[in-house]
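A.B. asks: Would you mind keeping the following structure in view while I ask a few things?
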Amino acid sequence: MQHPLVDITIIGGGPTGLFALFYAGMRGVQARIVDALPQLGGQLTALYPEKYIFDVGGFPKVLAKDFVRALTEQALQFKAPAFLNETIIGLEREDGQFILRTEQSQFPSRAIVIAAGIGAFTPRRLPQAVAHPWYGRGIFDAVGDPEMFRGKRILIIGGGDTAFDWAHQLLDRAATLTLVHRSDRFRAHAATVAEVQRAAADGRMGLHVFHELHDVLSVDGLLTGVVLRDTKTKVTFAVPCDVVLPMLGYVSDLGALAHWGLTLEKEEIVVNSCMETGQPGIYAAGDVTTYPGKLKLIASGFGEAATAVNQAVHWIYPEKKVAPGHSSNMALFGQSPD
Ligand SMILES: Cc1cc2nc3c(=O)[nH]c(=O)nc-3n(C[C@H](O)[C@H](O)[C@H](O)COP(=O)(O)OP(=O)(O)OC[C@H]3O[C@@H](n4cnc5c(N)ncnc54)[C@H](O)[C@@H]3O)c2cc1C
């Protein structure tokens with residue numbers, strides 16, 4: 001399907017892309033989002049909808065899914081469309097326009113803002129082949145609704161933020177909780193690590209460092225436990241559990257975007273302080289970008305989205321200023337100038 005020409009096509013409907021869509025509407029240009037996932041919200045919707053976020057401005061504490069709802073309402077107020085379940089796989093230039101292609105559609109655009117986050121992402125699987133048949137029926141690598149696991153004996157594998165955050169959040173719901181990591185070095189927030197270690201010291205949960213999954217135990221096709229192995233002594237022992245949650249991070253893939261001649265560093269797009277990629281008319285913002293001092297945070301993505309869109313607007317329409325003015329003065333929102 002050939003869609004109409006718009007000013008800016010935003011690749012990715014995570015927090016950065018949603019804020020970029022809002023900003024494009026506020027600047028009075030036509031825009032759209034295209035996202036590979038079936039829902040807006042990027043990592044917040046796909047990876048941690050039920051987790052609280054504490055470090056976005058204006059919200060002392062907000063559930064990721066509620067934050068996405070507010071972002072979406074703000075982004076879609078100008079009636080710009082969002083195309084879901086469509087992965088951008090191609091880019092061509094024709095008559096001074098960009099044509100972005102998915103398997104189903106063509107999206108002509110004057111400029112592009114890439115807000116593709118960590119690209120198309122999938123959870124990293126346990127390396128042990130014995131675990132693979134249990135995925136989806138006892139082993140789950142994503143937690144949608146944590147209530148699903150209330151009253152269960154839960155075993156989490158991993159040493160990063162996701163493993164520790166879920167250990168923290170599932171502790172009061174679980175019948176028993178065990179966290180297993182193959183070393184004693186954790187890549188999680190120090191405060192969460194301290195809380196989990198305190199819970200383990202108090203006997204409220206199990207914590208096994210230098211251990212890894214060795215085998216899966218079952219009765220009549222139901223997962224009933226796992227065998228853990230000490231990575232140093234090779235001694236094994238069984239831990240009864242109903243649910244195993246491997247939280248081993250994500251494998252991300254920039255896919256087609258990696259072949260557009262953009263400057264990449266470790267699968268991230270190098271941008272300057274104007275969020276320019278080096279290819280005129282193509283800007284990037286959010287987790288997909290890198291520059292000295294880059295922070296992969298929602299808060300940084302918002303600032304970068306505003307910069308990218310304002311620069312794109314000026315690039316398409318040089319008579320329009322880069323600086324947007326203050327929303328509190330805008331007639332668009334029913335306000336009058338100071
Ligand atoms: C468990 C966890 C907890 C976190 N907690 C916090 C926190 O408390 N505070 C904080 O600030 N940050 C937190 N983060 C990080 C935060 O989620 C990211 O910084 C943020 O999501 C980045 O937003 P983004 O829009 O740049 O990218 P993403 O959220 O990754 O969204 C990118 C979107 O682009 C789409 N996409 C990619 N490639 C294509 C393509 N080719 N075609 C179409 N669509 C494409 C993807 O499907 C995705 O929807 C956390 C992350 C995780 C995993």
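Identifiers in the structure tokens: chain A, B, ... in order shown; residue index from 1 per chain; ligand index from 1 in order shown.
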Dump as CSV the rows for residues of chain A within 8 Å of ligand 1: closest atom pair and distance in Å with one decimal, only C-alpha atoms and all ligand atoms counted, ordered by chain and rising residue number.
C.D. replies:
residue,atom,partner,partner_atom_place_in_ligand_line,distance
A:Ile11,CA,ligand 1,44 (N),5.4
A:Gly12,CA,ligand 1,34 (O),3.2
A:Gly13,CA,ligand 1,49 (O),5.0
A:Gly14,CA,ligand 1,25 (O),3.4
A:Pro15,CA,ligand 1,25 (O),4.2
A:Thr16,CA,ligand 1,25 (O),3.7
A:Gly17,CA,ligand 1,25 (O),5.3
A:Leu18,CA,ligand 1,25 (O),7.4
A:Val34,CA,ligand 1,43 (C),5.4
A:Asp35,CA,ligand 1,44 (N),3.5
A:Ala36,CA,ligand 1,44 (N),4.0
A:Leu37,CA,ligand 1,47 (O),4.7
A:Gln39,CA,ligand 1,49 (O),7.7
A:Leu40,CA,ligand 1,49 (O),6.4
A:Gly41,CA,ligand 1,49 (O),6.0
A:Gly42,CA,ligand 1,49 (O),3.2
A:Gln43,CA,ligand 1,29 (O),3.9
A:Leu44,CA,ligand 1,17 (O),5.4
A:Ala46,CA,ligand 1,49 (O),7.8
A:Leu47,CA,ligand 1,53 (C),5.9
A:Tyr48,CA,ligand 1,1 (C),5.4
A:Lys51,CA,ligand 1,3 (C),7.5
A:Tyr52,CA,ligand 1,8 (O),7.0
A:Ile53,CA,ligand 1,8 (O),4.2
A:Phe54,CA,ligand 1,8 (O),5.9
A:Asp55,CA,ligand 1,9 (N),5.5
A:Val56,CA,ligand 1,11 (O),6.3
A:Asn85,CA,ligand 1,43 (C),7.8
A:Glu86,CA,ligand 1,43 (C),5.9
A:Thr87,CA,ligand 1,42 (N),3.6
A:Ile88,CA,ligand 1,42 (N),3.9
A:Ile89,CA,ligand 1,41 (N),6.0
A:Thr102,CA,ligand 1,42 (N),7.8
A:Ala115,CA,ligand 1,26 (O),5.3
A:Ala116,CA,ligand 1,34 (O),3.5
A:Gly117,CA,ligand 1,27 (O),3.2
A:Ile118,CA,ligand 1,30 (O),4.9
A:Gly119,CA,ligand 1,37 (C),3.7
A:Ala120,CA,ligand 1,37 (C),4.7
A:Phe121,CA,ligand 1,47 (O),7.4
A:Asp161,CA,ligand 1,1 (C),6.5
A:Thr162,CA,ligand 1,1 (C),4.8
A:Asp165,CA,ligand 1,1 (C),7.5
A:Gly249,CA,ligand 1,53 (C),7.9
A:Asp253,CA,ligand 1,38 (N),7.8
A:Leu254,CA,ligand 1,38 (N),6.1
A:Gly255,CA,ligand 1,41 (N),6.3
A:Ala256,CA,ligand 1,41 (N),6.5
A:Leu257,CA,ligand 1,41 (N),6.5
A:Ala285,CA,ligand 1,26 (O),6.5
A:Gly286,CA,ligand 1,26 (O),3.5
A:Asp287,CA,ligand 1,26 (O),4.0
A:Val288,CA,ligand 1,26 (O),6.0
A:Lys296,CA,ligand 1,19 (O),4.7
A:Leu297,CA,ligand 1,11 (O),3.6
A:Ile298,CA,ligand 1,11 (O),3.8
A:Ala299,CA,ligand 1,11 (O),5.6
A:Ser300,CA,ligand 1,11 (O),7.7
A:Gly301,CA,ligand 1,26 (O),5.7
A.B. asks: Counting only C-alpha atoms, give me one row per residue of stretch 90-178 of chain A with an atom at most 12 Å from an atom of stretch 224-245 of chain A, showing the shortest contact pair and its distance in Å to one decimal, sorted by chain then residue number, as a Markdown table.
C.D. replies:
| residue | atom | partner | partner_atom | distance |
| --- | --- | --- | --- | --- |
| A:Pro123 | CA | A:Leu245 | CA | 11.1 |
| A:Arg124 | CA | A:Leu245 | CA | 11.6 |
| A:Arg125 | CA | A:Leu245 | CA | 10.5 |
| A:Leu126 | CA | A:Leu245 | CA | 10.0 |
| A:Gln128 | CA | A:Leu228 | CA | 11.8 |
| A:Val130 | CA | A:Val226 | CA | 10.5 |
| A:Ala131 | CA | A:Val226 | CA | 9.7 |
| A:His132 | CA | A:Val244 | CA | 11.8 |
| A:Trp134 | CA | A:Val244 | CA | 9.3 |
| A:Tyr135 | CA | A:Val244 | CA | 9.2 |
| A:Gly136 | CA | A:Val243 | CA | 10.1 |
| A:Arg137 | CA | A:Val243 | CA | 8.5 |
| A:Gly138 | CA | A:Val243 | CA | 4.9 |
| A:Ile139 | CA | A:Val244 | CA | 4.7 |
| A:Phe140 | CA | A:Leu245 | CA | 5.2 |
| A:Asp141 | CA | A:Leu245 | CA | 5.6 |
| A:Ala142 | CA | A:Leu245 | CA | 7.5 |
| A:Val143 | CA | A:Leu245 | CA | 8.2 |
| A:Gly144 | CA | A:Leu245 | CA | 11.8 |
| A:Pro146 | CA | A:Leu245 | CA | 11.6 |
| A:Met148 | CA | A:Val243 | CA | 10.4 |
| A:Phe149 | CA | A:Val243 | CA | 7.9 |
| A:Arg150 | CA | A:Val243 | CA | 10.7 |
| A:Gly151 | CA | A:Asp242 | CA | 9.8 |
| A:Lys152 | CA | A:Asp242 | CA | 6.1 |
| A:Arg153 | CA | A:Cys241 | CA | 4.6 |
| A:Ile154 | CA | A:Val243 | CA | 5.0 |
| A:Leu155 | CA | A:Val244 | CA | 4.8 |
| A:Ile156 | CA | A:Leu245 | CA | 4.7 |
| A:Ile157 | CA | A:Leu245 | CA | 6.2 |
| A:Gly158 | CA | A:Leu245 | CA | 8.8 |
| A:Thr162 | CA | A:Leu245 | CA | 10.3 |
| A:Ala163 | CA | A:Leu245 | CA | 8.3 |
| A:Phe164 | CA | A:Leu245 | CA | 11.4 |
| A:Trp166 | CA | A:Leu245 | CA | 9.2 |
| A:Ala167 | CA | A:Leu245 | CA | 9.9 |
| A:Leu170 | CA | A:Leu245 | CA | 11.1 |
| A:Ala174 | CA | A:Val243 | CA | 10.1 |
| A:Ala175 | CA | A:Cys241 | CA | 9.5 |
| A:Thr176 | CA | A:Cys241 | CA | 8.0 |
| A:Leu177 | CA | A:Cys241 | CA | 8.6 |
| A:Thr178 | CA | A:Val239 | CA | 8.7 |
A.B. asks: I need the residues of stretch 54-287 of chain A that end up classed as strand (DSSP E or B) by DSSP on the backbone, written out as an MDAnalysis selection string.
C.D. replies: chainID A and resid 56 59 62:63 82:83 90:94 97:101 106:114 120:123 135 139 153:157 160 176:181 187 206:209 211:219 222:230 236:240 243:246 250:253 264:265 268:270 276 282:284
A.B. asks: Show me, as a list in words, the residues that have an atom within 12 Å of A:Gly90 when counting only C-alpha atoms, minus same-chain residues fewer than 6 positions from it.
C.D. replies: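 Final neighbour list, sorted by chain and number: Ile11, Phe98, Ile99, Leu100, Arg101, Thr102, Glu103, Gln104, Ser105, Gln106, Phe107, Pro108, Gly255, Ala256, Leu257, Ala258, His259 and Trp260 of chain A.
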A.B. asks: In Å, with one decimal, what is the gap from atom CA of A:Ile112 to atom CA of A:Gly58?
C.D. replies: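 Straight-line distance from atom CA of A:Ile112 to atom CA of A:Gly58 works out to 28.9 Å.
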A.B. asks: Quick one: distance from atom CA of A:Val6 to atom CA of A:Pro280 in Å, one decimal?
C.D. replies: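 Taking atom CA of A:Val6 as the start and atom CA of A:Pro280 as the end point, the length is 16.7 Å.
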A.B. asks: For a test of reading the model, state the distance in Å between atom CA of A:Ala75 and atom CA of A:Phe19, rounded to one decimal.
C.D. replies: 6.1 Å
A.B. asks: Could you pull out the residues in stretch 92-307 of chain A that DSSP calls alpha helix (DSSP H) from the backbone, as an NGL selection string?
C.D. replies: :A and (161-170 or 190-201 or 298-307)
A.B. asks: Which one is closest to A:Ala323: A:Leu76, A:Ala188, A:Leu295, A:Ala308? Count only C-alpha atoms.
C.D. replies: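 Using only C-alpha atoms, A:Ala323 sits closest to A:Ala308.
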A.B. asks: Show which residues sit within 9 Å of A:Tyr283, as a compact mmCIF listing (two decimals) with C-alpha atoms, in the first residue's frame. Count only C-alpha atoms, and ignore same-chain residues fewer than 3 positions away.
C.D. replies:
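Generated output (part-v1.txt):
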# COMPACT_ATOMS: atom_id res chain seq x y z
CA ALA A 111 12.57 13.65 6.61
CA ILE A 112 13.04 10.70 8.95
CA VAL A 113 13.47 10.45 12.72
CA ILE A 114 14.85 7.06 13.74
CA ALA A 115 13.65 6.21 17.27
CA VAL A 271 24.64 11.52 16.10
CA CYS A 274 21.54 18.32 16.60
CA MET A 275 20.62 14.61 16.44
CA GLU A 276 21.85 14.57 12.83
CA THR A 277 23.08 11.21 11.58
CA GLY A 278 25.34 12.59 8.86
CA GLN A 279 22.79 11.77 6.14
CA PRO A 280 20.85 14.99 5.39
CA ALA A 308 15.54 15.89 16.29
CA VAL A 309 12.04 17.07 15.34
CA GLN A 311 15.96 20.29 13.46
CA ALA A 312 13.97 18.24 10.92
A.B. asks: Got a sec: who's within 10 Å of A:Leu207, counting only C-alpha atoms, leaving out chain neighbours fewer than 3 positions off, as a list in words?
C.D. replies: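 Close residues of A:Leu207: Leu155, Ile156, Leu177, Thr178, Leu179, Val180, His181, Val196, Gln197, Ala199, Ala200, Ala201, Gly203, Arg204 and His211 of chain A.
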A.B. asks: Please determine, counting only C-alpha atoms, which residue among A:Thr192, A:Gln169, A:Ser183, A:Thr45 has the shortest atom-to-atom distance to A:Glu212.
C.D. replies: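 Closest to A:Glu212, using only C-alpha atoms: A:Ser183.
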